>>> print(open('entry.txt').read())   # compact mmCIF, C-alpha atoms and all ligand atoms
# COMPACT_ATOMS: atom_id res chain seq x y z
CA MET A 1 -15.32 -19.40 23.17
CA ARG A 2 -12.93 -21.72 21.37
CA ILE A 3 -12.90 -22.07 17.59
CA ARG A 4 -14.13 -25.61 16.88
CA SER A 5 -14.18 -25.73 13.07
CA ILE A 6 -13.57 -23.60 9.99
CA ASP A 7 -15.01 -24.59 6.61
CA VAL A 8 -13.80 -22.90 3.41
CA ARG A 9 -15.59 -23.22 0.07
CA PRO A 10 -15.94 -21.38 -3.26
CA ARG A 11 -18.93 -19.08 -3.76
CA ASN A 12 -19.64 -18.03 -7.33
CA LEU A 13 -21.93 -15.06 -7.88
CA LYS A 14 -23.57 -13.73 -11.02
CA LEU A 15 -24.21 -10.06 -11.78
CA LYS A 16 -27.56 -8.84 -13.17
CA ASN A 17 -25.67 -6.55 -15.60
CA PRO A 18 -21.98 -6.17 -16.54
CA LEU A 19 -20.19 -3.50 -14.44
CA PRO A 20 -17.75 -1.36 -16.47
CA ILE A 21 -15.09 0.68 -14.63
CA SER A 22 -11.80 2.15 -15.88
CA LEU A 23 -9.89 -1.06 -14.95
CA GLY A 24 -12.16 -3.44 -16.93
CA THR A 25 -15.67 -4.88 -17.08
CA PHE A 26 -16.94 -7.37 -14.48
CA HIS A 27 -19.60 -10.00 -15.25
CA SER A 28 -19.40 -12.22 -12.17
CA ALA A 29 -17.60 -12.67 -8.86
CA ALA A 30 -15.62 -15.76 -7.83
CA ASN A 31 -15.69 -15.46 -4.04
CA VAL A 32 -15.08 -17.68 -1.01
CA LEU A 33 -17.38 -18.50 1.91
CA VAL A 34 -15.93 -19.24 5.35
CA THR A 35 -18.11 -20.86 8.01
CA ALA A 36 -16.71 -20.85 11.54
CA GLU A 37 -18.13 -22.81 14.46
CA VAL A 38 -17.34 -21.64 18.01
CA GLU A 39 -18.26 -22.98 21.42
CA ALA A 40 -20.43 -20.45 23.32
CA PRO A 41 -19.96 -19.94 27.10
CA ASP A 42 -23.08 -22.09 27.72
CA GLY A 43 -21.68 -24.93 25.64
CA ARG A 44 -23.76 -24.28 22.51
CA ARG A 45 -22.06 -24.58 19.12
CA VAL A 46 -22.61 -21.30 17.26
CA THR A 47 -21.95 -20.69 13.56
CA GLY A 48 -20.71 -17.47 11.93
CA TYR A 49 -20.22 -16.57 8.27
CA GLY A 50 -17.60 -14.62 6.39
CA GLU A 51 -16.99 -13.95 2.72
CA GLY A 52 -13.79 -13.25 0.83
CA ALA A 53 -14.18 -11.26 -2.39
CA PRO A 54 -10.89 -11.25 -4.29
CA MET A 55 -10.69 -8.84 -7.21
CA ALA A 56 -7.47 -9.54 -9.10
CA VAL A 57 -7.08 -6.04 -10.55
CA ILE A 58 -7.43 -4.40 -7.13
CA THR A 59 -6.37 -6.83 -4.40
CA GLY A 60 -4.15 -9.01 -6.60
CA GLU A 61 -5.99 -12.08 -5.28
CA THR A 62 -7.94 -14.83 -7.01
CA GLN A 63 -10.52 -17.34 -5.75
CA GLU A 64 -7.92 -20.14 -5.95
CA GLY A 65 -5.45 -18.08 -3.90
CA VAL A 66 -8.04 -17.23 -1.24
CA LEU A 67 -9.11 -20.89 -0.99
CA ALA A 68 -5.50 -22.01 -0.68
CA PHE A 69 -4.55 -19.45 1.98
CA ALA A 70 -7.71 -19.91 4.07
CA ARG A 71 -7.46 -23.71 3.92
CA LEU A 72 -3.79 -23.57 4.90
CA ALA A 73 -4.46 -21.22 7.83
CA ALA A 74 -7.68 -22.86 9.13
CA PRO A 75 -6.16 -25.86 10.98
CA SER A 76 -3.83 -23.64 13.04
CA LEU A 77 -6.81 -21.53 14.19
CA ILE A 78 -8.74 -24.47 15.65
CA GLY A 79 -8.73 -24.31 19.46
CA LEU A 80 -7.84 -20.58 19.61
CA GLU A 81 -10.12 -18.21 21.55
CA ALA A 82 -12.52 -16.88 18.87
CA ALA A 83 -12.80 -13.41 20.44
CA ASP A 84 -9.01 -13.00 20.50
CA LEU A 85 -8.77 -11.32 17.10
CA GLU A 86 -5.30 -10.02 18.00
CA ALA A 87 -4.04 -13.60 18.21
CA VAL A 88 -5.91 -14.63 15.05
CA HIS A 89 -4.52 -11.74 12.98
CA ASP A 90 -1.04 -12.19 14.44
CA LEU A 91 -1.09 -15.77 13.18
CA LEU A 92 -2.52 -14.79 9.76
CA ASN A 93 -0.08 -11.90 9.34
CA ARG A 94 2.88 -14.11 10.14
CA ALA A 95 1.67 -16.49 7.42
CA SER A 96 1.51 -13.67 4.85
CA PRO A 97 1.51 -9.86 4.79
CA ARG A 98 -1.02 -9.97 1.91
CA HIS A 99 -4.19 -12.05 1.29
CA GLY A 100 -6.60 -9.35 2.56
CA SER A 101 -9.72 -11.10 1.22
CA ALA A 102 -8.79 -14.46 2.75
CA LYS A 103 -8.07 -12.84 6.11
CA ALA A 104 -11.31 -10.86 5.86
CA ALA A 105 -13.36 -14.01 5.27
CA ILE A 106 -11.94 -15.59 8.45
CA ASP A 107 -12.13 -12.36 10.49
CA LEU A 108 -15.78 -11.80 9.48
CA ALA A 109 -16.82 -15.36 10.29
CA LEU A 110 -15.27 -15.09 13.77
CA HIS A 111 -16.82 -11.66 14.51
CA ASP A 112 -20.19 -13.01 13.39
CA ALA A 113 -19.91 -16.20 15.46
CA VAL A 114 -18.75 -14.36 18.61
CA SER A 115 -21.53 -11.76 18.44
CA ARG A 116 -24.11 -14.51 17.81
CA ALA A 117 -22.74 -16.50 20.76
CA LEU A 118 -23.05 -13.39 22.97
CA SER A 119 -26.55 -12.67 21.53
CA ILE A 120 -25.61 -9.11 20.55
CA PRO A 121 -25.59 -7.38 17.14
CA LEU A 122 -22.20 -7.27 15.43
CA ALA A 123 -22.27 -3.44 15.69
CA ALA A 124 -22.44 -3.79 19.49
CA LEU A 125 -19.38 -6.06 19.49
CA LEU A 126 -17.63 -3.27 17.55
CA GLY A 127 -18.56 -0.74 20.24
CA GLY A 128 -21.52 0.91 18.52
CA SER A 129 -25.16 0.46 17.60
CA THR A 130 -27.22 -0.43 14.54
CA ARG A 131 -28.18 3.10 13.50
CA PRO A 132 -29.54 3.33 9.94
CA PHE A 133 -27.38 5.09 7.34
CA LEU A 134 -27.43 6.03 3.66
CA THR A 135 -25.52 4.18 0.96
CA ASP A 136 -24.81 5.44 -2.51
CA MET A 137 -25.50 3.53 -5.72
CA THR A 138 -22.71 3.17 -8.27
CA ILE A 139 -23.23 4.10 -11.91
CA GLY A 140 -20.78 2.18 -14.14
CA MET A 141 -18.71 4.04 -16.72
CA ALA A 142 -20.60 4.42 -20.02
CA ALA A 143 -21.64 7.07 -22.55
CA PRO A 144 -22.91 10.26 -20.82
CA GLU A 145 -26.55 9.77 -21.85
CA VAL A 146 -26.48 6.10 -20.74
CA MET A 147 -25.11 7.10 -17.33
CA ALA A 148 -27.67 9.91 -17.03
CA ALA A 149 -30.54 7.48 -17.73
CA LYS A 150 -29.21 4.96 -15.20
CA ALA A 151 -28.73 7.73 -12.65
CA GLU A 152 -32.31 8.90 -13.07
CA GLN A 153 -33.56 5.32 -12.62
CA GLU A 154 -31.62 4.95 -9.33
CA VAL A 155 -32.90 8.28 -8.00
CA LEU A 156 -36.45 7.10 -8.75
CA ALA A 157 -35.63 3.91 -6.81
CA GLY A 158 -34.85 6.07 -3.77
CA PHE A 159 -31.08 6.68 -3.87
CA SER A 160 -30.09 10.25 -2.96
CA ILE A 161 -26.33 9.66 -3.39
CA LEU A 162 -24.73 8.40 -6.61
CA LYS A 163 -21.15 7.39 -7.31
CA LEU A 164 -20.09 7.86 -10.92
CA LYS A 165 -17.32 5.71 -12.37
CA LEU A 166 -15.04 7.83 -14.56
CA GLY A 167 -11.63 7.48 -16.14
CA SER A 168 -11.55 7.39 -19.94
CA GLY A 169 -10.30 10.94 -20.64
CA GLU A 170 -10.86 14.55 -19.67
CA ASP A 171 -13.63 15.62 -22.05
CA ASP A 172 -15.51 12.30 -21.77
CA ASP A 173 -15.38 12.37 -17.98
CA VAL A 174 -16.55 15.97 -17.73
CA ALA A 175 -19.40 15.22 -20.20
CA ARG A 176 -20.53 12.31 -17.98
CA VAL A 177 -20.77 14.47 -14.89
CA VAL A 178 -22.52 17.28 -16.80
CA ALA A 179 -25.07 14.81 -18.23
CA VAL A 180 -25.83 13.17 -14.88
CA ARG A 181 -26.11 16.46 -12.97
CA GLY A 182 -28.37 17.85 -15.71
CA ARG A 183 -30.65 14.82 -15.48
CA VAL A 184 -30.91 14.27 -11.69
CA GLY A 185 -31.06 17.91 -10.59
CA GLY A 186 -29.31 19.69 -7.75
CA SER A 187 -30.56 17.78 -4.71
CA VAL A 188 -28.73 14.48 -5.42
CA THR A 189 -25.24 14.06 -3.93
CA LEU A 190 -22.66 13.08 -6.57
CA ARG A 191 -19.32 11.37 -5.88
CA VAL A 192 -16.91 10.35 -8.64
CA ASP A 193 -14.33 7.55 -8.80
CA ALA A 194 -11.55 7.58 -11.41
CA ASN A 195 -10.05 4.24 -10.29
CA GLN A 196 -6.47 5.57 -10.80
CA ALA A 197 -7.06 6.69 -14.40
CA TRP A 198 -5.74 10.25 -14.34
CA THR A 199 -2.35 11.90 -14.07
CA PRO A 200 -2.14 14.54 -11.32
CA LEU A 201 -2.34 17.31 -13.94
CA GLN A 202 -5.37 15.74 -15.67
CA ALA A 203 -7.02 15.26 -12.29
CA LEU A 204 -6.61 18.93 -11.43
CA HIS A 205 -8.01 20.00 -14.82
CA ILE A 206 -11.01 17.69 -14.56
CA ILE A 207 -11.72 18.65 -10.96
CA GLU A 208 -11.62 22.33 -11.87
CA ARG A 209 -14.24 21.69 -14.56
CA ILE A 210 -16.57 19.49 -12.48
CA ALA A 211 -16.28 21.32 -9.14
CA PRO A 212 -18.99 23.88 -10.12
CA LEU A 213 -21.37 20.89 -10.55
CA ARG A 214 -21.15 20.31 -6.78
CA ILE A 215 -19.15 17.11 -6.40
CA GLU A 216 -18.92 15.75 -2.87
CA LEU A 217 -15.59 13.98 -3.36
CA VAL A 218 -13.22 12.56 -5.95
CA GLU A 219 -12.00 9.02 -5.35
CA GLN A 220 -8.57 7.69 -6.31
CA PRO A 221 -7.78 10.17 -9.10
CA VAL A 222 -4.19 8.95 -9.68
CA PRO A 223 -2.40 5.57 -9.77
CA ALA A 224 -2.33 3.74 -6.43
CA SER A 225 1.44 3.99 -6.02
CA ASP A 226 1.67 7.71 -6.90
CA ILE A 227 1.44 9.05 -3.35
CA GLN A 228 3.31 12.23 -4.30
CA GLY A 229 0.71 12.82 -7.03
CA LEU A 230 -2.10 12.21 -4.54
CA VAL A 231 -0.54 14.76 -2.17
CA GLU A 232 -0.30 17.30 -4.98
CA VAL A 233 -3.89 16.80 -6.15
CA SER A 234 -5.23 16.93 -2.57
CA ARG A 235 -3.34 20.13 -1.84
CA ARG A 236 -4.69 21.95 -4.91
CA SER A 237 -8.15 20.43 -5.39
CA ALA A 238 -11.30 22.38 -4.56
CA VAL A 239 -13.09 19.03 -4.01
CA PRO A 240 -12.10 16.62 -1.18
CA ILE A 241 -9.96 13.68 -2.36
CA MET A 242 -10.54 10.11 -1.18
CA ALA A 243 -7.87 7.40 -1.37
CA ASP A 244 -9.02 3.89 -2.25
CA GLU A 245 -6.48 1.74 -4.12
CA SER A 246 -3.68 3.66 -2.32
CA ILE A 247 -4.77 2.41 1.11
CA PHE A 248 -4.91 -1.23 2.15
CA THR A 249 -3.02 -1.59 5.43
CA LEU A 250 -2.42 0.19 8.73
CA GLU A 251 0.97 1.23 7.38
CA ASP A 252 -0.66 2.78 4.30
CA ALA A 253 -3.09 4.65 6.56
CA PHE A 254 -0.24 5.99 8.70
CA ARG A 255 1.75 7.07 5.64
CA LEU A 256 -1.18 8.83 3.93
CA ALA A 257 -2.13 10.56 7.18
CA SER A 258 1.46 11.63 7.88
CA GLU A 259 1.89 13.01 4.38
CA GLN A 260 -1.58 14.62 4.34
CA ALA A 261 -2.09 12.81 1.06
CA CYS A 262 -5.92 12.84 1.05
CA HIS A 263 -9.00 14.04 2.91
CA VAL A 264 -10.87 10.73 3.18
CA PHE A 265 -9.92 7.02 3.38
CA ASN A 266 -12.06 4.43 1.61
CA ILE A 267 -11.89 1.43 3.94
CA LYS A 268 -12.82 -1.93 2.41
CA LEU A 269 -12.78 -5.07 4.51
CA MET A 270 -11.24 -7.02 1.60
CA LYS A 271 -8.27 -4.63 1.50
CA SER A 272 -7.73 -4.30 5.26
CA GLY A 273 -8.09 -8.02 6.00
CA GLY A 274 -11.35 -7.72 7.94
CA LEU A 275 -13.05 -5.73 10.69
CA HIS A 276 -10.30 -5.89 13.30
CA PRO A 277 -7.64 -4.12 11.17
CA ALA A 278 -10.34 -1.84 9.67
CA ARG A 279 -11.08 -0.49 13.16
CA LYS A 280 -7.40 0.34 13.60
CA ILE A 281 -7.31 2.14 10.23
CA ASN A 282 -10.38 4.14 11.24
CA ALA A 283 -8.66 5.08 14.52
CA ILE A 284 -5.56 6.33 12.70
CA ALA A 285 -7.82 8.37 10.44
CA GLU A 286 -9.83 9.80 13.33
CA ALA A 287 -6.69 10.93 15.13
CA ALA A 288 -5.49 12.63 11.93
CA ARG A 289 -8.90 14.33 11.39
CA ILE A 290 -9.41 12.26 8.25
CA ARG A 291 -12.95 11.02 7.71
CA THR A 292 -13.53 7.50 6.42
CA PHE A 293 -15.88 5.90 4.00
CA VAL A 294 -16.69 2.23 3.65
CA GLY A 295 -16.84 0.55 0.26
CA CYS A 296 -16.95 -3.03 -0.97
CA MET A 297 -15.80 -5.28 -3.80
CA LEU A 298 -18.25 -7.55 -5.69
CA GLU A 299 -19.74 -9.24 -2.64
CA SER A 300 -22.94 -10.82 -1.44
CA SER A 301 -24.84 -9.67 1.66
CA VAL A 302 -22.69 -11.94 3.87
CA SER A 303 -19.74 -9.55 3.86
CA VAL A 304 -21.74 -6.42 2.96
CA ALA A 305 -23.74 -7.00 6.19
CA ALA A 306 -20.50 -6.99 8.21
CA ALA A 307 -19.43 -3.76 6.50
CA ALA A 308 -22.84 -2.24 7.27
CA HIS A 309 -22.44 -3.03 10.99
CA PHE A 310 -18.98 -1.44 10.81
CA VAL A 311 -20.41 1.76 9.30
CA ALA A 312 -23.22 1.91 11.86
CA ALA A 313 -20.80 1.43 14.74
CA HIS A 314 -18.29 4.18 13.89
CA ARG A 315 -19.02 7.90 13.99
CA ASN A 316 -15.91 8.80 11.97
CA VAL A 317 -17.37 6.98 8.95
CA MET A 318 -18.90 9.72 6.77
CA GLY A 319 -20.29 7.64 3.95
CA ALA A 320 -20.91 4.23 2.48
CA ASP A 321 -20.72 2.65 -0.92
CA LEU A 322 -22.29 -0.69 0.00
CA ASP A 323 -24.30 -1.54 -3.07
CA ALA A 324 -22.58 -4.60 -4.62
CA HIS A 325 -25.08 -7.13 -3.25
CA LEU A 326 -27.79 -5.21 -5.11
CA TYR A 327 -26.11 -6.05 -8.45
CA LEU A 328 -26.31 -9.81 -7.86
CA ASP A 329 -28.69 -12.20 -9.54
CA PRO A 330 -29.47 -13.58 -7.03
CA ASP A 331 -27.95 -12.38 -3.72
CA PRO A 332 -27.97 -15.84 -2.09
CA VAL A 333 -28.43 -14.66 1.49
CA THR A 334 -31.31 -14.43 3.94
CA GLY A 335 -31.64 -11.99 6.86
CA GLY A 336 -29.31 -9.17 7.84
CA PRO A 337 -29.41 -5.47 7.06
CA ARG A 338 -31.43 -4.43 4.02
CA VAL A 339 -31.34 -1.37 1.75
CA GLU A 340 -34.69 0.39 1.61
CA ARG A 341 -34.78 3.42 -0.71
CA GLY A 342 -31.06 4.03 -0.26
CA THR A 343 -31.00 3.51 3.52
CA PHE A 344 -29.54 0.51 5.38
CA GLN A 345 -31.98 -0.76 8.00
CA PHE A 346 -31.04 -3.36 10.63
CA PRO A 347 -33.53 -5.94 11.84
CA ALA A 348 -33.14 -6.85 15.53
CA GLY A 349 -31.01 -9.92 16.21
CA PRO A 350 -27.52 -11.12 17.00
CA GLY A 351 -24.43 -11.18 14.77
CA SER A 352 -24.45 -9.71 11.29
CA GLY A 353 -27.90 -11.24 10.78
CA ALA A 354 -26.97 -12.51 7.32
CA VAL A 355 -27.12 -16.25 6.60
CA PRO A 356 -25.93 -17.65 3.26
CA LEU A 357 -28.37 -19.87 1.37
MG MG B 401 -12.97 3.01 -5.63
>>> encode(input="entry.txt", output="structure tokens")
Amino acid sequence: MRIRSIDVRPRNLKLKNPLPISLGTFHSAANVLVTAEVEAPDGRRVTGYGEGAPMAVITGETQEGVLAFARLAAPSLIGLEAADLEAVHDLLNRASPRHGSAKAAIDLALHDAVSRALSIPLAALLGGSTRPFLTDMTIGMAAPEVMAAKAEQEVLAGFSILKLKLGSGEDDDVARVVAVRGRVGGSVTLRVDANQAWTPLQALHIIERIAPLRIELVEQPVPASDIQGLVEVSRRSAVPIMADESIFTLEDAFRLASEQACHVFNIKLMKSGGLHPARKINAIAEAARIRTFVGCMLESSVSVAAAAHFVAAHRNVMGADLDAHLYLDPDPVTGGPRVERGTFQFPAGPGSGAVPL
């Protein structure tokens, strides 16, 4: 199954509503679409799709950078065996240790093309099956009553898990959680994400105040580079701590596991550089008895579909935050897994199922 062509082009997406988090407010996503053509064993040419979703404040990448890296790398991939992801990543990693979104776009397109060529779902290529699973819905950071109203609306739409964006100060953040819990009642699962906004001491104070409101986990309480702070918070917190901006690579996963710096890893394909390295991160986590979680950047259903197959295929994945495609106006994709009342369902068919319009 040789790689015959790789096409790289910009893909600009519009959000229905602005998304405010502690790092800034997002209005749109400037992404990249990679289309890979491989030659199937029976001689057919089969196409697969991948998306790169750079988010400058998190991955340090831009659309221009992803386009440049993917276009530079593409010619040297032509003629390689498409299923040999070890060779593909070896080549990409020698070109640059960074560029996770660009690598992800290529990695996803090849996984999709290979599973389509073999006529199996992507989850099967990853060693699993397309079992349905729940995703949360994210509530952007806003005034407590605004977040409570949005939360209620999402629960009515069928979501039983909500992720609250926090990070503007202790009293504000506690008031947000109090307001949402008061509005949605006790049966909804609440996760919170501070996006690095707190100091370790603030984090411990806030967690102590919100823990009685039954919080499932607290995501990235402290700055990404403050691993010692993450260790300290994880050791003393009554609520499990999930690392997000602190974990991109295999090396990060090994370090956090070795130092027992957190209870959960948030794996994102745009940070890891695609499915192949994400599977290795999940394996490190599993061996260390760390559960994983799969999130996304601002992405369409092309790459969210790949992440959904990844979640379905791996038993160590405890949760998913795969909601970004639901914020888009429109999500320019047909086919693939769909969210129905908070649950990802997979139609039968090969590959990721998603086809960009
Ligand atoms: Mg996060």
>>> closest_residue(input="entry.txt", among="A:Ser101, A:Ser160, A:Thr334, A:Ser22", to="ligand MG 401 (chain B)", atoms="all atoms listed in the file")
A:Ser22
>>> closest_residue(input="entry.txt", among="A:Arg279, A:Val66, A:Pro10, A:Thr343", to="Arg98 (chain A)", atoms="only C-alpha atoms")
A:Val66
>>> atom_distance(input="entry.txt", atom1="CA of His27 (chain A)", atom2="CA of Met297 (chain A)")
13.0 Å
>>> residues_around(input="entry.txt", residues="Ala109 (chain A)", least_positions_apart="4", cutoff="6 Å", atoms="only C-alpha atoms", output="PyMOL selection string")
chain A and resi 36+48-50
>>> closest_atom_pairs(input="entry.txt", of="chain A", to="ligand MG 401 (chain B)", cutoff="10 Å", atoms="only C-alpha atoms and all ligand atoms", output="JSON lines")
{"residue": "A:Ile21", "atom": "CA", "partner": "B:MG401", "partner_atom": "MG", "distance": 9.5}
{"residue": "A:Ile58", "atom": "CA", "partner": "B:MG401", "partner_atom": "MG", "distance": 9.4}
{"residue": "A:Lys163", "atom": "CA", "partner": "B:MG401", "partner_atom": "MG", "distance": 9.4}
{"residue": "A:Lys165", "atom": "CA", "partner": "B:MG401", "partner_atom": "MG", "distance": 8.5}
{"residue": "A:Val192", "atom": "CA", "partner": "B:MG401", "partner_atom": "MG", "distance": 8.9}
{"residue": "A:Asp193", "atom": "CA", "partner": "B:MG401", "partner_atom": "MG", "distance": 5.7}
{"residue": "A:Ala194", "atom": "CA", "partner": "B:MG401", "partner_atom": "MG", "distance": 7.5}
{"residue": "A:Asn195", "atom": "CA", "partner": "B:MG401", "partner_atom": "MG", "distance": 5.6}
{"residue": "A:Gln196", "atom": "CA", "partner": "B:MG401", "partner_atom": "MG", "distance": 8.7}
{"residue": "A:Val218", "atom": "CA", "partner": "B:MG401", "partner_atom": "MG", "distance": 9.6}
{"residue": "A:Glu219", "atom": "CA", "partner": "B:MG401", "partner_atom": "MG", "distance": 6.1}
{"residue": "A:Gln220", "atom": "CA", "partner": "B:MG401", "partner_atom": "MG", "distance": 6.5}
{"residue": "A:Pro221", "atom": "CA", "partner": "B:MG401", "partner_atom": "MG", "distance": 9.5}
{"residue": "A:Met242", "atom": "CA", "partner": "B:MG401", "partner_atom": "MG", "distance": 8.7}
{"residue": "A:Ala243", "atom": "CA", "partner": "B:MG401", "partner_atom": "MG", "distance": 8.0}
{"residue": "A:Asp244", "atom": "CA", "partner": "B:MG401", "partner_atom": "MG", "distance": 5.3}
{"residue": "A:Glu245", "atom": "CA", "partner": "B:MG401", "partner_atom": "MG", "distance": 6.8}
{"residue": "A:Ser246", "atom": "CA", "partner": "B:MG401", "partner_atom": "MG", "distance": 9.9}
{"residue": "A:Asn266", "atom": "CA", "partner": "B:MG401", "partner_atom": "MG", "distance": 7.4}
{"residue": "A:Ile267", "atom": "CA", "partner": "B:MG401", "partner_atom": "MG", "distance": 9.8}
{"residue": "A:Lys268", "atom": "CA", "partner": "B:MG401", "partner_atom": "MG", "distance": 9.4}
{"residue": "A:Gly295", "atom": "CA", "partner": "B:MG401", "partner_atom": "MG", "distance": 7.5}
{"residue": "A:Cys296", "atom": "CA", "partner": "B:MG401", "partner_atom": "MG", "distance": 8.6}
{"residue": "A:Met297", "atom": "CA", "partner": "B:MG401", "partner_atom": "MG", "distance": 8.9}
{"residue": "A:Asp321", "atom": "CA", "partner": "B:MG401", "partner_atom": "MG", "distance": 9.1}
>>> closest_residue(input="entry.txt", among="A:Ala117, A:Ala306, A:Ile215, A:Val233", to="Leu201 (chain A)", atoms="only C-alpha atoms")
A:Val233
>>> atom_distance(input="entry.txt", atom1="CA of Pro350 (chain A)", atom2="CA of Val311 (chain A)")
16.6 Å
>>> closest_atom_pairs(input="entry.txt", of="region 61-179 of chain A", to="region 316-320 of chain A", cutoff="12 Å", atoms="only C-alpha atoms", output="JSON lines")
{"residue": "A:Gly128", "atom": "CA", "partner": "A:Asn316", "partner_atom": "CA", "distance": 11.7}
{"residue": "A:Pro132", "atom": "CA", "partner": "A:Ala320", "partner_atom": "CA", "distance": 11.4}
{"residue": "A:Phe133", "atom": "CA", "partner": "A:Ala320", "partner_atom": "CA", "distance": 8.1}
{"residue": "A:Leu134", "atom": "CA", "partner": "A:Ala320", "partner_atom": "CA", "distance": 6.9}
{"residue": "A:Thr135", "atom": "CA", "partner": "A:Ala320", "partner_atom": "CA", "distance": 4.9}
{"residue": "A:Asp136", "atom": "CA", "partner": "A:Ala320", "partner_atom": "CA", "distance": 6.4}
{"residue": "A:Met137", "atom": "CA", "partner": "A:Ala320", "partner_atom": "CA", "distance": 9.4}
{"residue": "A:Thr138", "atom": "CA", "partner": "A:Ala320", "partner_atom": "CA", "distance": 11.0}
{"residue": "A:Ile161", "atom": "CA", "partner": "A:Ala320", "partner_atom": "CA", "distance": 9.7}
{"residue": "A:Leu162", "atom": "CA", "partner": "A:Ala320", "partner_atom": "CA", "distance": 10.7}
{"residue": "A:Lys163", "atom": "CA", "partner": "A:Ala320", "partner_atom": "CA", "distance": 10.3}
>>> write_last_selection(input="entry.txt", atoms="C-alpha atoms", output="PDB file, in the frame of the given file")
ATOM      1  CA  GLY A 128     -21.520   0.910  18.520  1.00  0.00           C
ATOM      2  CA  PRO A 132     -29.540   3.330   9.940  1.00  0.00           C
ATOM      3  CA  PHE A 133     -27.380   5.090   7.340  1.00  0.00           C
ATOM      4  CA  LEU A 134     -27.430   6.030   3.660  1.00  0.00           C
ATOM      5  CA  THR A 135     -25.520   4.180   0.960  1.00  0.00           C
ATOM      6  CA  ASP A 136     -24.810   5.440  -2.510  1.00  0.00           C
ATOM      7  CA  MET A 137     -25.500   3.530  -5.720  1.00  0.00           C
ATOM      8  CA  THR A 138     -22.710   3.170  -8.270  1.00  0.00           C
ATOM      9  CA  ILE A 161     -26.330   9.660  -3.390  1.00  0.00           C
ATOM     10  CA  LEU A 162     -24.730   8.400  -6.610  1.00  0.00           C
ATOM     11  CA  LYS A 163     -21.150   7.390  -7.310  1.00  0.00           C
TER      12      LYS A 163
END
>>> atom_distance(input="entry.txt", atom1="CA of Asp173 (chain A)", atom2="CA of Glu152 (chain A)")
18.0 Å
>>> residues_near_point(input="entry.txt", point="(-13.2, -10.3, 4.1)", cutoff="7 Å", atoms="all atoms listed in the file", output="list in words")
Gly50, Glu51, Gly52, Ala53, Gly100, Ser101, Ala102, Lys103, Ala104, Ala105, Ile106, Asp107, Leu108, Leu269, Met270, Gly273, Gly274 and Ser303 of chain A
>>> residues_around(input="entry.txt", residues="Ile3 (chain A)", least_positions_apart="6", cutoff="12 Å", atoms="only C-alpha atoms", output="number ranges by chain")
A: 35-40, 45-48, 74-85, 88, 106, 109-111, 113-114, 117
>>> closest_residue(input="entry.txt", among="A:Thr130, A:Ser96, A:Ser119, A:Gln345", to="Phe310 (chain A)", atoms="all atoms listed in the file")
A:Thr130
>>> residues_around(input="entry.txt", residues="region 203-211 of chain A", least_positions_apart="5", cutoff="9 Å", atoms="all atoms listed in the file", output="PyMOL selection string")
chain A and resi 170-171+173-174+177-178+194+197-198+216+218+221-222+233+236-239
>>> closest_residue(input="entry.txt", among="A:Lys280, A:His99, A:Arg191, A:Arg2", to="Ala73 (chain A)", atoms="all atoms listed in the file")
A:His99
>>> residues_around(input="entry.txt", residues="Ile284 (chain A)", least_positions_apart="5", cutoff="8 Å", atoms="only C-alpha atoms", output="list in words")
Leu250, Ala253, Phe254 and Ala257 of chain A
>>> residues_near_point(input="entry.txt", point="(-35.4, 4.6, -5.9)", cutoff="8 Å", atoms="all atoms listed in the file", output="PyMOL selection string")
chain A and resi 153-159+341-342
>>> closest_residue(input="entry.txt", among="A:Leu298, A:Glu64, A:Pro330, A:Pro337", to="Leu19 (chain A)", atoms="all atoms listed in the file")
A:Leu298
